[in-house]
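Reproduced below: coords_26.csv, with CSV, N, CA and C atoms.
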```
chain,number,residue,atom,x,y,z
A,1,MET,N,0.9,-1.2,0.0
A,1,MET,CA,0.0,0.0,0.0
A,1,MET,C,0.9,1.2,0.0
A,2,THR,N,0.6,2.1,-0.9
A,2,THR,CA,1.3,3.4,-0.9
A,2,THR,C,0.4,4.5,-0.5
A,3,VAL,N,0.8,5.3,0.4
A,3,VAL,CA,-0.1,6.4,0.9
A,3,VAL,C,0.8,7.5,1.4
A,4,GLY,N,0.2,8.7,1.2
A,4,GLY,CA,0.9,9.9,1.8
A,4,GLY,C,0.2,10.2,3.1
A,5,PHE,N,1.0,10.5,4.1
A,5,PHE,CA,0.4,10.8,5.4
A,5,PHE,C,0.0,12.2,5.6
A,6,LYS,N,0.8,13.1,5.0
A,6,LYS,CA,0.6,14.6,5.3
A,6,LYS,C,-0.6,15.1,4.6
A,7,SER,N,-0.6,15.0,3.3
A,7,SER,CA,-1.7,15.6,2.6
A,7,SER,C,-3.1,15.0,2.8
A,8,SER,N,-3.1,13.7,2.9
A,8,SER,CA,-4.3,13.0,3.0
A,8,SER,C,-5.0,13.0,4.4
A,9,TYR,N,-4.2,12.8,5.4
A,9,TYR,CA,-4.8,12.7,6.7
A,9,TYR,C,-4.5,13.9,7.7
A,10,LEU,N,-3.3,14.3,7.7
A,10,LEU,CA,-2.9,15.4,8.6
A,10,LEU,C,-3.6,16.7,8.1
A,11,ARG,N,-3.6,17.0,6.8
A,11,ARG,CA,-4.2,18.2,6.3
A,11,ARG,C,-5.8,18.1,6.4
A,12,ALA,N,-6.3,16.9,6.3
A,12,ALA,CA,-7.8,16.8,6.5
A,12,ALA,C,-8.2,17.2,7.9
A,13,VAL,N,-7.5,16.9,8.9
A,13,VAL,CA,-7.8,17.3,10.3
A,13,VAL,C,-7.6,18.8,10.4
A,14,GLN,N,-6.5,19.3,9.8
A,14,GLN,CA,-6.2,20.8,9.9
A,14,GLN,C,-7.3,21.6,9.2
A,15,ARG,N,-7.7,21.1,8.0
A,15,ARG,CA,-8.8,21.9,7.3
A,15,ARG,C,-10.1,21.8,8.0
A,16,LYS,N,-10.4,20.7,8.6
A,16,LYS,CA,-11.7,20.6,9.3
A,16,LYS,C,-11.7,21.5,10.5
A,17,LEU,N,-10.5,21.6,11.2
A,17,LEU,CA,-10.4,22.6,12.3
A,17,LEU,C,-10.6,24.0,11.8
A,18,ASP,N,-10.1,24.3,10.6
A,18,ASP,CA,-10.4,25.6,10.1
A,18,ASP,C,-11.9,25.8,9.8
A,19,LEU,N,-12.6,24.8,9.3
A,19,LEU,CA,-14.0,24.9,9.1
A,19,LEU,C,-14.8,25.1,10.4
A,20,LEU,N,-14.4,24.4,11.4
A,20,LEU,CA,-15.0,24.5,12.7
A,20,LEU,C,-14.8,25.9,13.3
A,21,THR,N,-13.6,26.5,13.0
A,21,THR,CA,-13.3,27.8,13.5
A,21,THR,C,-14.2,28.8,12.8
A,22,ILE,N,-14.4,28.7,11.5
A,22,ILE,CA,-15.3,29.5,10.7
A,22,ILE,C,-16.7,29.4,11.2
A,23,HIS,N,-17.1,28.2,11.5
A,23,HIS,CA,-18.4,28.0,12.1
A,23,HIS,C,-18.6,28.7,13.4
A,24,GLY,N,-17.6,28.7,14.3
A,24,GLY,CA,-17.6,29.4,15.5
A,24,GLY,C,-17.8,30.9,15.3
A,25,ILE,N,-17.1,31.4,14.3
A,25,ILE,CA,-17.2,32.8,14.0
A,25,ILE,C,-18.6,33.2,13.5
A,26,GLN,N,-19.1,32.4,12.6
A,26,GLN,CA,-20.4,32.7,11.9
A,26,GLN,C,-21.6,32.4,12.8
A,27,GLN,N,-21.6,31.3,13.5
A,27,GLN,CA,-22.7,30.8,14.2
A,27,GLN,C,-22.7,31.2,15.7
A,28,HIS,N,-21.5,31.4,16.3
A,28,HIS,CA,-21.4,31.7,17.7
A,28,HIS,C,-20.9,33.1,17.9
A,29,GLU,N,-20.7,33.8,16.9
A,29,GLU,CA,-20.2,35.2,16.9
A,29,GLU,C,-18.9,35.3,17.7
A,30,TRP,N,-18.0,34.4,17.5
A,30,TRP,CA,-16.7,34.5,18.1
A,30,TRP,C,-16.0,35.7,17.4
A,31,ASP,N,-15.3,36.5,18.2
A,31,ASP,CA,-14.6,37.7,17.6
A,31,ASP,C,-13.2,37.2,17.0
A,32,ILE,N,-13.0,37.6,15.8
A,32,ILE,CA,-11.8,37.2,15.0
A,32,ILE,C,-10.6,37.7,15.7
A,33,HIS,N,-10.6,39.0,16.1
A,33,HIS,CA,-9.5,39.6,16.7
A,33,HIS,C,-9.1,38.9,18.0
A,34,GLU,N,-10.1,38.5,18.8
A,34,GLU,CA,-9.8,37.8,20.1
A,34,GLU,C,-9.2,36.4,19.8
A,35,LEU,N,-9.8,35.7,18.8
A,35,LEU,CA,-9.3,34.4,18.4
A,35,LEU,C,-7.8,34.5,18.0
A,36,ALA,N,-7.5,35.5,17.3
A,36,ALA,CA,-6.1,35.7,16.8
A,36,ALA,C,-5.2,35.8,18.0
A,37,GLY,N,-5.6,36.3,19.1
A,37,GLY,CA,-4.8,36.4,20.3
A,37,GLY,C,-4.7,35.2,21.2
A,38,TYR,N,-5.7,34.3,21.2
A,38,TYR,CA,-5.6,33.2,22.1
A,38,TYR,C,-5.9,31.9,21.5
A,39,MET,N,-6.2,31.7,20.3
A,39,MET,CA,-6.4,30.4,19.7
A,39,MET,C,-5.0,29.8,19.4
A,40,PRO,N,-4.8,28.6,19.9
A,40,PRO,CA,-3.5,27.9,19.7
A,40,PRO,C,-3.3,27.6,18.2
A,41,THR,N,-2.0,27.6,17.8
A,41,THR,CA,-1.7,27.3,16.4
A,41,THR,C,-1.3,25.8,16.2
A,42,ALA,N,-0.9,25.1,17.3
A,42,ALA,CA,-0.6,23.7,17.2
A,42,ALA,C,-1.9,22.9,17.1
A,43,THR,N,-1.9,21.9,16.2
A,43,THR,CA,-3.1,21.2,15.9
A,43,THR,C,-3.7,20.5,17.1
A,44,VAL,N,-3.0,19.8,17.8
A,44,VAL,CA,-3.5,19.1,19.0
A,44,VAL,C,-4.2,20.1,20.0
A,45,GLU,N,-3.5,21.2,20.2
A,45,GLU,CA,-4.0,22.3,21.1
A,45,GLU,C,-5.3,22.9,20.5
A,46,ARG,N,-5.3,23.0,19.2
A,46,ARG,CA,-6.6,23.5,18.5
A,46,ARG,C,-7.7,22.6,18.7
A,47,ILE,N,-7.5,21.3,18.6
A,47,ILE,CA,-8.5,20.3,18.8
A,47,ILE,C,-9.1,20.5,20.2
A,48,GLU,N,-8.2,20.6,21.2
A,48,GLU,CA,-8.6,20.7,22.6
A,48,GLU,C,-9.4,22.0,22.8
A,49,PHE,N,-8.9,23.1,22.2
A,49,PHE,CA,-9.5,24.4,22.3
A,49,PHE,C,-10.9,24.4,21.8
A,50,LEU,N,-11.1,23.8,20.6
A,50,LEU,CA,-12.4,23.7,20.0
A,50,LEU,C,-13.3,22.8,20.8
A,51,ALA,N,-12.8,21.7,21.4
A,51,ALA,CA,-13.5,20.8,22.2
A,51,ALA,C,-14.1,21.5,23.4
A,52,THR,N,-13.3,22.4,24.0
A,52,THR,CA,-13.8,23.1,25.2
A,52,THR,C,-14.9,24.0,24.9
A,53,ARG,N,-15.1,24.4,23.6
A,53,ARG,CA,-16.1,25.2,23.1
A,53,ARG,C,-17.3,24.5,22.5
A,54,GLY,N,-17.2,23.1,22.6
A,54,GLY,CA,-18.3,22.3,22.2
A,54,GLY,C,-18.4,22.1,20.7
A,55,LEU,N,-17.3,22.3,19.9
A,55,LEU,CA,-17.3,22.1,18.5
A,55,LEU,C,-16.6,20.9,18.0
A,56,ILE,N,-16.3,19.9,18.8
A,56,ILE,CA,-15.6,18.7,18.3
A,56,ILE,C,-16.7,17.6,18.3
A,57,PHE,N,-16.6,16.8,17.2
A,57,PHE,CA,-17.6,15.8,17.0
A,57,PHE,C,-17.7,14.8,18.1
A,58,PRO,N,-18.9,14.0,18.1
A,58,PRO,CA,-19.1,13.1,19.2
A,58,PRO,C,-18.1,12.0,19.4
A,59,GLY,N,-17.3,11.7,18.4
A,59,GLY,CA,-16.3,10.6,18.5
A,59,GLY,C,-15.3,10.9,19.5
A,60,GLY,N,-15.2,12.2,19.9
A,60,GLY,CA,-14.3,12.5,21.0
A,60,GLY,C,-12.9,13.0,20.6
A,61,THR,N,-12.3,13.8,21.5
A,61,THR,CA,-11.0,14.3,21.2
A,61,THR,C,-9.9,13.4,21.4
A,62,ASP,N,-10.0,12.4,22.4
A,62,ASP,CA,-8.9,11.5,22.6
A,62,ASP,C,-8.6,10.6,21.4
A,63,THR,N,-9.6,10.1,20.8
A,63,THR,CA,-9.5,9.3,19.6
A,63,THR,C,-8.9,10.1,18.5
A,64,LEU,N,-9.4,11.3,18.3
A,64,LEU,CA,-8.9,12.1,17.2
A,64,LEU,C,-7.4,12.5,17.4
A,65,ILE,N,-7.1,12.9,18.7
A,65,ILE,CA,-5.7,13.2,19.0
A,65,ILE,C,-4.8,12.1,18.8
A,66,ARG,N,-5.2,10.9,19.2
A,66,ARG,CA,-4.3,9.7,19.0
A,66,ARG,C,-4.1,9.4,17.5
A,67,ALA,N,-5.2,9.5,16.7
A,67,ALA,CA,-5.1,9.3,15.3
A,67,ALA,C,-4.2,10.3,14.6
A,68,TYR,N,-4.4,11.6,15.0
A,68,TYR,CA,-3.6,12.6,14.4
A,68,TYR,C,-2.1,12.4,14.7
A,69,GLY,N,-1.9,12.1,16.0
A,69,GLY,CA,-0.5,11.8,16.4
A,69,GLY,C,0.1,10.6,15.7
A,70,TRP,N,-0.6,9.6,15.5
A,70,TRP,CA,-0.1,8.4,14.8
A,70,TRP,C,0.3,8.8,13.3
A,71,PHE,N,-0.6,9.6,12.6
A,71,PHE,CA,-0.2,10.0,11.3
A,71,PHE,C,1.0,11.0,11.3
A,72,LEU,N,1.0,11.8,12.3
A,72,LEU,CA,2.2,12.8,12.4
A,72,LEU,C,3.5,12.0,12.6
A,73,GLN,N,3.4,11.0,13.4
A,73,GLN,CA,4.6,10.2,13.7
A,73,GLN,C,5.1,9.5,12.4
A,74,GLN,N,4.1,8.9,11.6
A,74,GLN,CA,4.4,8.2,10.4
A,74,GLN,C,5.0,9.2,9.4
A,75,TYR,N,4.4,10.4,9.3
A,75,TYR,CA,4.9,11.4,8.4
A,75,TYR,C,6.4,11.8,8.7
A,76,HIS,N,6.7,11.9,10.0
A,76,HIS,CA,8.0,12.3,10.4
A,76,HIS,C,9.0,11.2,10.1
A,77,ARG,N,8.6,9.9,10.3
A,77,ARG,CA,9.4,8.8,9.9
A,77,ARG,C,9.8,8.8,8.4
A,78,ALA,N,8.7,9.0,7.6
A,78,ALA,CA,8.9,9.1,6.2
A,78,ALA,C,9.8,10.3,5.8
A,79,GLN,N,9.6,11.4,6.4
A,79,GLN,CA,10.4,12.6,6.2
A,79,GLN,C,11.9,12.3,6.6
A,80,HIS,N,12.1,11.7,7.7
A,80,HIS,CA,13.5,11.3,8.1
A,80,HIS,C,14.1,10.4,7.1
A,81,ASP,N,13.4,9.4,6.6
A,81,ASP,CA,13.9,8.5,5.6
A,81,ASP,C,14.3,9.2,4.4
A,82,TYR,N,13.5,10.1,3.9
A,82,TYR,CA,13.7,10.9,2.7
A,82,TYR,C,15.0,11.8,2.9
A,83,LYS,N,15.1,12.4,4.1
A,83,LYS,CA,16.2,13.2,4.3
A,83,LYS,C,17.6,12.5,4.3
A,84,LYS,N,17.6,11.2,4.8
A,84,LYS,CA,18.8,10.4,4.7
A,84,LYS,C,19.1,10.0,3.3
A,85,LEU,N,18.2,9.6,2.5
A,85,LEU,CA,18.4,9.1,1.2
A,85,LEU,C,18.4,10.1,0.1
A,86,ARG,N,17.7,11.2,0.3
A,86,ARG,CA,17.5,12.2,-0.7
A,86,ARG,C,16.8,11.7,-2.0
A,87,GLN,N,15.9,10.8,-1.8
A,87,GLN,CA,15.1,10.2,-2.9
A,87,GLN,C,13.8,9.7,-2.3
A,88,ARG,N,12.8,9.4,-3.2
A,88,ARG,CA,11.6,8.9,-2.7
A,88,ARG,C,11.8,7.6,-2.0
A,89,THR,N,11.1,7.5,-0.9
A,89,THR,CA,11.3,6.3,0.0
A,89,THR,C,10.0,5.6,0.3
A,90,ARG,N,10.1,4.4,0.8
A,90,ARG,CA,9.0,3.6,1.3
A,90,ARG,C,9.2,3.3,2.7
A,91,THR,N,8.3,3.9,3.6
A,91,THR,CA,8.5,3.7,5.0
A,91,THR,C,7.4,2.7,5.5
A,92,PRO,N,7.8,1.6,6.0
A,92,PRO,CA,6.8,0.6,6.5
A,92,PRO,C,6.0,1.1,7.6
A,93,PHE,N,4.8,0.6,7.7
A,93,PHE,CA,3.9,1.0,8.8
A,93,PHE,C,2.9,-0.1,9.1
A,94,ASN,N,2.3,-0.1,10.3
A,94,ASN,CA,1.4,-1.1,10.7
A,94,ASN,C,0.0,-0.8,10.0
A,95,HIS,N,-0.4,-1.8,9.2
A,95,HIS,CA,-1.6,-1.6,8.4
A,95,HIS,C,-2.9,-1.6,9.3
A,96,GLN,N,-2.9,-2.3,10.3
A,96,GLN,CA,-4.0,-2.3,11.2
A,96,GLN,C,-4.2,-1.0,11.9
A,97,SER,N,-3.0,-0.5,12.4
A,97,SER,CA,-3.1,0.9,13.0
A,97,SER,C,-3.5,1.9,12.0
A,98,PHE,N,-3.0,1.8,10.8
A,98,PHE,CA,-3.3,2.8,9.8
A,98,PHE,C,-4.8,2.8,9.6
A,99,GLU,N,-5.4,1.6,9.5
A,99,GLU,CA,-6.9,1.5,9.2
A,99,GLU,C,-7.7,2.1,10.4
A,100,THR,N,-7.3,1.8,11.6
A,100,THR,CA,-8.0,2.3,12.8
A,100,THR,C,-7.9,3.8,12.9
A,101,HIS,N,-6.7,4.4,12.7
A,101,HIS,CA,-6.6,5.8,12.8
A,101,HIS,C,-7.2,6.5,11.6
A,102,ARG,N,-7.1,5.9,10.4
A,102,ARG,CA,-7.7,6.5,9.2
A,102,ARG,C,-9.2,6.6,9.4
A,103,GLN,N,-9.8,5.6,10.0
A,103,GLN,CA,-11.3,5.6,10.2
A,103,GLN,C,-11.6,6.8,11.2
A,104,ALA,N,-10.9,7.0,12.2
A,104,ALA,CA,-11.1,8.1,13.2
A,104,ALA,C,-11.1,9.4,12.5
A,105,ILE,N,-10.1,9.6,11.6
A,105,ILE,CA,-9.9,10.9,10.9
A,105,ILE,C,-11.0,11.1,9.9
A,106,LEU,N,-11.4,10.0,9.2
A,106,LEU,CA,-12.5,10.2,8.2
A,106,LEU,C,-13.8,10.5,8.9
A,107,GLU,N,-14.1,9.9,10.0
A,107,GLU,CA,-15.3,10.2,10.8
A,107,GLU,C,-15.3,11.7,11.2
A,108,PHE,N,-14.2,12.2,11.6
A,108,PHE,CA,-14.1,13.6,12.0
A,108,PHE,C,-14.2,14.5,10.7
A,109,ALA,N,-13.5,14.1,9.7
A,109,ALA,CA,-13.5,15.0,8.5
A,109,ALA,C,-14.9,15.1,7.9
A,110,TYR,N,-15.7,14.0,7.9
A,110,TYR,CA,-17.0,14.0,7.3
A,110,TYR,C,-18.2,14.3,8.2
A,111,TRP,N,-17.8,14.5,9.5
A,111,TRP,CA,-18.8,14.8,10.5
A,111,TRP,C,-19.4,16.2,10.2
A,112,LYS,N,-20.7,16.3,10.3
A,112,LYS,CA,-21.3,17.6,10.1
A,112,LYS,C,-22.0,18.2,11.3
A,113,LEU,N,-21.8,19.4,11.6
A,113,LEU,CA,-22.4,20.1,12.7
A,113,LEU,C,-23.9,20.1,12.5
A,114,GLN,N,-24.6,19.9,13.5
A,114,GLN,CA,-26.1,20.0,13.4
A,114,GLN,C,-26.6,21.4,13.7
```

File written out as structure tokens:
Amino acid sequence: MTVGFKSSYLRAVQRKLDLLTIHGIQQHEWDIHELAGYMPTATVERIEFLATRGLIFPGGTDTLIRAYGWFLQQYHRAQHDYKKLRQRTRTPFNHQSFETHRQAILEFAYWKLQ
């Protein structure tokens, strides 16, 4: 199986967090200038931030954070391998873990606010 970790799963979480932030601005009248001052920039902290404001899906933050962390770890392994070889690489990974974490991220990415 060939898969990219960054664009397909890490970015999916990051973009969904952006959409949830926009929802907070539009539907909950969050102030953009205030958000700029106190909203975290690190993804895991953004997940926690939005969860405390009730905007994270019912699947829960722990599962999502674990899944995001797993994909981030795999991405860093692949990045490290590429840096050593300076050419396209194949980094082995646990396929069962991949499927479990992929499913958690897809549930989050496709979840719609009611």

Skipping near chain neighbours, those fewer than 4 positions away, what residues fall within 7 Å of segment 39-52 of chain A using all atoms listed in the file, listed as a PDB file with N, CA and C atoms, in the frame of the given file?
```pdb
ATOM      1  N   GLN A  14      -6.500  19.300   9.800  1.00  0.00           N
ATOM      2  CA  GLN A  14      -6.200  20.800   9.900  1.00  0.00           C
ATOM      3  C   GLN A  14      -7.300  21.600   9.200  1.00  0.00           C
ATOM      4  N   LEU A  17     -10.500  21.600  11.200  1.00  0.00           N
ATOM      5  CA  LEU A  17     -10.400  22.600  12.300  1.00  0.00           C
ATOM      6  C   LEU A  17     -10.600  24.000  11.800  1.00  0.00           C
ATOM      7  N   GLU A  34     -10.100  38.500  18.800  1.00  0.00           N
ATOM      8  CA  GLU A  34      -9.800  37.800  20.100  1.00  0.00           C
ATOM      9  C   GLU A  34      -9.200  36.400  19.800  1.00  0.00           C
ATOM     10  N   LEU A  35      -9.800  35.700  18.800  1.00  0.00           N
ATOM     11  CA  LEU A  35      -9.300  34.400  18.400  1.00  0.00           C
ATOM     12  C   LEU A  35      -7.800  34.500  18.000  1.00  0.00           C
ATOM     13  N   ILE A  56     -16.300  19.900  18.800  1.00  0.00           N
ATOM     14  CA  ILE A  56     -15.600  18.700  18.300  1.00  0.00           C
ATOM     15  C   ILE A  56     -16.700  17.600  18.300  1.00  0.00           C
ATOM     16  N   THR A  61     -12.300  13.800  21.500  1.00  0.00           N
ATOM     17  CA  THR A  61     -11.000  14.300  21.200  1.00  0.00           C
ATOM     18  C   THR A  61      -9.900  13.400  21.400  1.00  0.00           C
ATOM     19  N   ILE A  65      -7.100  12.900  18.700  1.00  0.00           N
ATOM     20  CA  ILE A  65      -5.700  13.200  19.000  1.00  0.00           C
ATOM     21  C   ILE A  65      -4.800  12.100  18.800  1.00  0.00           C
TER      22      ILE A  65
END
```

List every residue of segment 58-82 of chain A that has an atom at most 7 Å from any atom of segment 99-102 of chain A, giving for each one its closest atom pair and the distance in Å to one decimal, counting all atoms listed in the file, sorted by chain and then by ascending residue number, as a tab-separated table.
```
residue	atom	partner	partner_atom	distance
A:Arg66	C	A:His101	CA	6.4
A:Ala67	CA	A:His101	CA	4.6
A:Tyr68	N	A:His101	CA	6.6
```

Quiz prompt | atom CA of Arg86 of chain A to atom CA of Gly69 of chain A, straight-line distance in Å | solution =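 Rounded to one decimal, the two atoms are 24.8 Å apart.
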
Quiz item: Which is closest to Phe108 of chain A among A:Tyr9, A:Phe57, A:Tyr38, A:Trp30, if we use only C-alpha atoms?
Solution: A:Phe57

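Here atom CA of Leu72 of chain A stands at a distance of 13.3 Å from atom CA of Thr91 of chain A.
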
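The space between atom CA of Asn94 of chain A and atom N of Gln74 of chain A spans 10.4 Å.
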